[in-house]
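**Student:** Supplied structure: protein31.cif, mmCIF, C-alpha atoms and all ligand atoms.
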```cif
data_upload
loop_
_atom_site.label_atom_id
_atom_site.label_comp_id
_atom_site.auth_asym_id
_atom_site.auth_seq_id
_atom_site.Cartn_x
_atom_site.Cartn_y
_atom_site.Cartn_z
CA MET A 1 -38.54 -1.27 -28.60
CA ALA A 2 -35.56 -3.41 -27.82
CA ARG A 3 -33.07 -1.85 -25.46
CA ARG A 4 -29.42 -2.42 -25.95
CA ARG A 5 -27.85 -3.98 -22.94
CA ALA A 6 -24.96 -1.95 -21.63
CA ARG A 7 -21.71 -3.86 -21.77
CA THR A 8 -20.01 -4.37 -18.50
CA LYS A 9 -16.64 -2.72 -18.60
CA THR A 10 -13.75 -3.85 -16.50
CA VAL A 11 -10.15 -2.86 -16.16
CA ARG A 12 -7.60 -5.51 -15.22
CA ILE A 13 -5.20 -4.30 -12.55
CA LEU A 14 -2.43 -6.65 -11.43
CA GLY A 15 -4.50 -9.69 -12.34
CA GLN A 16 -7.72 -8.47 -10.74
CA ASP A 17 -10.75 -7.33 -12.71
CA TRP A 18 -12.15 -4.03 -11.48
CA LEU A 19 -15.62 -2.93 -12.53
CA LEU A 20 -15.52 0.34 -14.49
CA THR A 21 -18.79 2.17 -14.05
CA PRO A 22 -20.26 5.70 -13.86
CA VAL A 23 -20.58 7.45 -10.50
CA ALA A 24 -24.04 7.18 -8.99
CA SER A 25 -25.52 10.37 -10.43
CA LYS A 26 -28.53 10.40 -8.09
CA ASN A 27 -26.32 10.45 -5.02
CA LYS A 28 -25.68 14.08 -3.97
CA ALA A 29 -22.42 13.06 -2.31
CA TYR A 30 -20.96 12.32 -5.74
CA GLU A 31 -22.31 15.46 -7.43
CA ASN A 32 -18.91 17.18 -7.79
CA CYS A 33 -16.92 13.98 -7.89
CA CYS A 34 -14.83 13.21 -11.00
CA GLY A 35 -14.31 9.62 -9.96
CA MET A 36 -13.59 7.23 -7.17
CA CYS A 37 -11.83 4.01 -6.43
CA GLU A 38 -13.66 1.58 -4.18
CA VAL A 39 -11.16 -0.98 -3.00
CA LYS A 40 -13.88 -3.06 -1.34
CA GLY A 41 -15.65 -4.53 -4.33
CA ALA A 42 -12.91 -3.51 -6.79
CA ILE A 43 -14.91 -0.72 -8.44
CA ILE A 44 -13.68 2.34 -10.31
CA ARG A 45 -16.32 4.99 -10.88
CA ILE A 46 -15.99 7.79 -13.43
CA ASN A 47 -18.27 10.82 -13.76
CA PRO A 48 -19.75 10.53 -17.27
CA HIS A 49 -20.72 14.21 -17.26
CA THR A 50 -17.12 15.38 -17.54
CA SER A 51 -15.14 15.80 -20.76
CA ALA A 52 -13.46 12.81 -22.39
CA ALA A 53 -10.06 14.29 -21.51
CA CYS A 54 -11.12 14.66 -17.89
CA GLN A 55 -12.44 11.09 -17.84
CA GLY A 56 -9.07 9.84 -19.12
CA ASP A 57 -7.24 11.76 -16.42
CA THR A 58 -9.67 10.50 -13.78
CA PHE A 59 -9.37 6.92 -15.04
CA LEU A 60 -5.60 7.01 -14.69
CA HIS A 61 -5.91 8.68 -11.28
CA GLU A 62 -8.26 5.97 -9.99
CA VAL A 63 -6.07 3.19 -11.44
CA LEU A 64 -3.14 4.68 -9.51
CA HIS A 65 -5.24 4.57 -6.33
CA ALA A 66 -5.91 0.88 -7.03
CA LEU A 67 -2.22 0.21 -7.70
CA SER A 68 -1.25 2.08 -4.54
CA PHE A 69 -3.59 -0.13 -2.55
CA ARG A 70 -2.58 -3.40 -4.22
CA LEU A 71 1.15 -2.63 -3.97
CA ASN A 72 0.87 -1.03 -0.54
CA LEU A 73 2.50 2.19 -1.76
CA GLY A 74 0.55 4.52 0.48
CA LEU A 75 0.21 7.24 -2.15
CA ASP A 76 -1.74 10.17 -0.79
CA GLU A 77 -4.20 12.19 -2.86
CA ARG A 78 -1.64 14.83 -3.85
CA LYS A 79 0.90 12.29 -5.08
CA THR A 80 -1.78 10.30 -6.89
CA TYR A 81 -2.95 13.45 -8.64
CA ALA A 82 0.61 14.44 -9.57
CA PHE A 83 1.50 10.97 -10.87
CA ALA A 84 -1.67 10.68 -12.95
CA SER A 85 -1.35 14.14 -14.46
CA GLY A 86 2.36 13.77 -15.13
CA LEU A 87 2.10 10.31 -16.63
CA LEU A 88 -0.87 11.25 -18.78
CA SER A 89 1.02 14.27 -20.06
CA VAL A 90 4.00 12.11 -21.06
CA LEU A 91 1.74 9.54 -22.74
CA ARG A 92 -0.17 12.21 -24.67
CA ASP A 93 2.96 14.13 -25.67
CA ASN A 94 4.62 10.95 -26.94
CA ARG A 95 1.85 9.01 -28.65
CA ASP A 96 4.20 7.12 -30.96
CA LEU A 97 6.38 5.98 -28.07
CA THR A 98 3.28 5.15 -26.03
CA MET A 99 2.02 2.87 -28.79
CA ARG A 100 5.45 1.26 -29.04
CA VAL A 101 5.39 0.54 -25.33
CA LEU A 102 1.83 -0.82 -25.50
CA ASN A 103 2.73 -3.03 -28.45
CA ALA A 104 6.01 -4.21 -26.89
CA LYS A 105 8.07 -2.76 -29.73
CA PRO A 106 11.66 -1.52 -29.29
CA ILE A 107 11.97 2.05 -28.06
CA VAL A 108 15.48 2.75 -29.37
ZN ZN B 1 -8.06 10.45 -5.67
#
```
Do you think you could lay out the structure here as structure tokens?
**Tutor:**
Amino acid sequence: MARRRARTKTVRILGQDWLLTPVASKNKAYENCCGMCEVKGAIIRINPHTSAACQGDTFLHEVLHALSFRLNLGLDERKTYAFASGLLSVLRDNRDLTMRVLNAKPIV
């Protein structure tokens, strides 16, 4: 039986491609981990055993960690969590405006 080859997913952050991959499920250290951002190697890991909504939140959280590193913002965990949750809430509560921003259409 032919196996489908998993597509490599990446996310482009400030001109750098970051590998987007699941957390290593066999590693006990990551058992309760929603995600992680590995600056060395440019890797963002997401726990695939969480809900889609949680994965979206985690994705944004890890992207903010990457941005904090690349832009030397020094965001701590609490601020990263707050920014990700707050921004995701605004994006979800304003889907039409979000799409306008993504498609570079006028807002007003
Ligand atoms: Zn974090």
**Student:** Could you jot down the CA of Ile13 (chain A) to CA of Arg70 (chain A) separation for me, Å, one decimal place?
**Tutor:**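 Separating CA of Ile13 (chain A) from CA of Arg70 (chain A) is a distance of 8.8 Å.
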**Student:** Within 12 Å of ligand ZN 1 (chain B) (counting all atoms listed in the file), which residues show up? I'd like them as a ChimeraX atom specification.
**Tutor:** /A:33-38,44-46,57-69,75-85
**Student:** Next, write the just-selected residues to a file, as a short mmCIF file (atom, residue, chain, number, x, y, z; two decimals), keeping the file's coordinate frame, keeping C-alpha atoms as the atom set.
**Tutor:**
```cif
data_model
loop_
_atom_site.label_atom_id
_atom_site.label_comp_id
_atom_site.auth_asym_id
_atom_site.auth_seq_id
_atom_site.Cartn_x
_atom_site.Cartn_y
_atom_site.Cartn_z
CA CYS A 33 -16.92 13.98 -7.89
CA CYS A 34 -14.83 13.21 -11.00
CA GLY A 35 -14.31 9.62 -9.96
CA MET A 36 -13.59 7.23 -7.17
CA CYS A 37 -11.83 4.01 -6.43
CA GLU A 38 -13.66 1.58 -4.18
CA ILE A 44 -13.68 2.34 -10.31
CA ARG A 45 -16.32 4.99 -10.88
CA ILE A 46 -15.99 7.79 -13.43
CA ASP A 57 -7.24 11.76 -16.42
CA THR A 58 -9.67 10.50 -13.78
CA PHE A 59 -9.37 6.92 -15.04
CA LEU A 60 -5.60 7.01 -14.69
CA HIS A 61 -5.91 8.68 -11.28
CA GLU A 62 -8.26 5.97 -9.99
CA VAL A 63 -6.07 3.19 -11.44
CA LEU A 64 -3.14 4.68 -9.51
CA HIS A 65 -5.24 4.57 -6.33
CA ALA A 66 -5.91 0.88 -7.03
CA LEU A 67 -2.22 0.21 -7.70
CA SER A 68 -1.25 2.08 -4.54
CA PHE A 69 -3.59 -0.13 -2.55
CA LEU A 75 0.21 7.24 -2.15
CA ASP A 76 -1.74 10.17 -0.79
CA GLU A 77 -4.20 12.19 -2.86
CA ARG A 78 -1.64 14.83 -3.85
CA LYS A 79 0.90 12.29 -5.08
CA THR A 80 -1.78 10.30 -6.89
CA TYR A 81 -2.95 13.45 -8.64
CA ALA A 82 0.61 14.44 -9.57
CA PHE A 83 1.50 10.97 -10.87
CA ALA A 84 -1.67 10.68 -12.95
CA SER A 85 -1.35 14.14 -14.46
#
```
**Student:** Would you list the contacts of Glu31 (chain A) as a list of chain:residue names, taking every protein, DNA or RNA residue within 12 Å and counting all atoms listed in the file, but skipping same-chain residues closer than 6 positions in sequence?
**Tutor:**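 Residues near the query, excluding close chain neighbours: A:Pro22, A:Val23, A:Ala24, A:Ser25, A:Ile46, A:Asn47, A:Pro48, A:His49, A:Thr50.
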**Student:** Would you mind telling me which residue in A:Leu14, A:Leu91, A:Val108, A:Met99 lies nearest to Leu71 (chain A) when using only C-alpha atoms?
**Tutor:**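 Closest to Leu71 (chain A) of all the choices is A:Leu14.
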**Student:** So how many Å separate CA of Val11 (chain A) and CA of Ile43 (chain A), to one decimal?
**Tutor:**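 Straight-line distance from CA of Val11 (chain A) to CA of Ile43 (chain A) works out to 9.3 Å.
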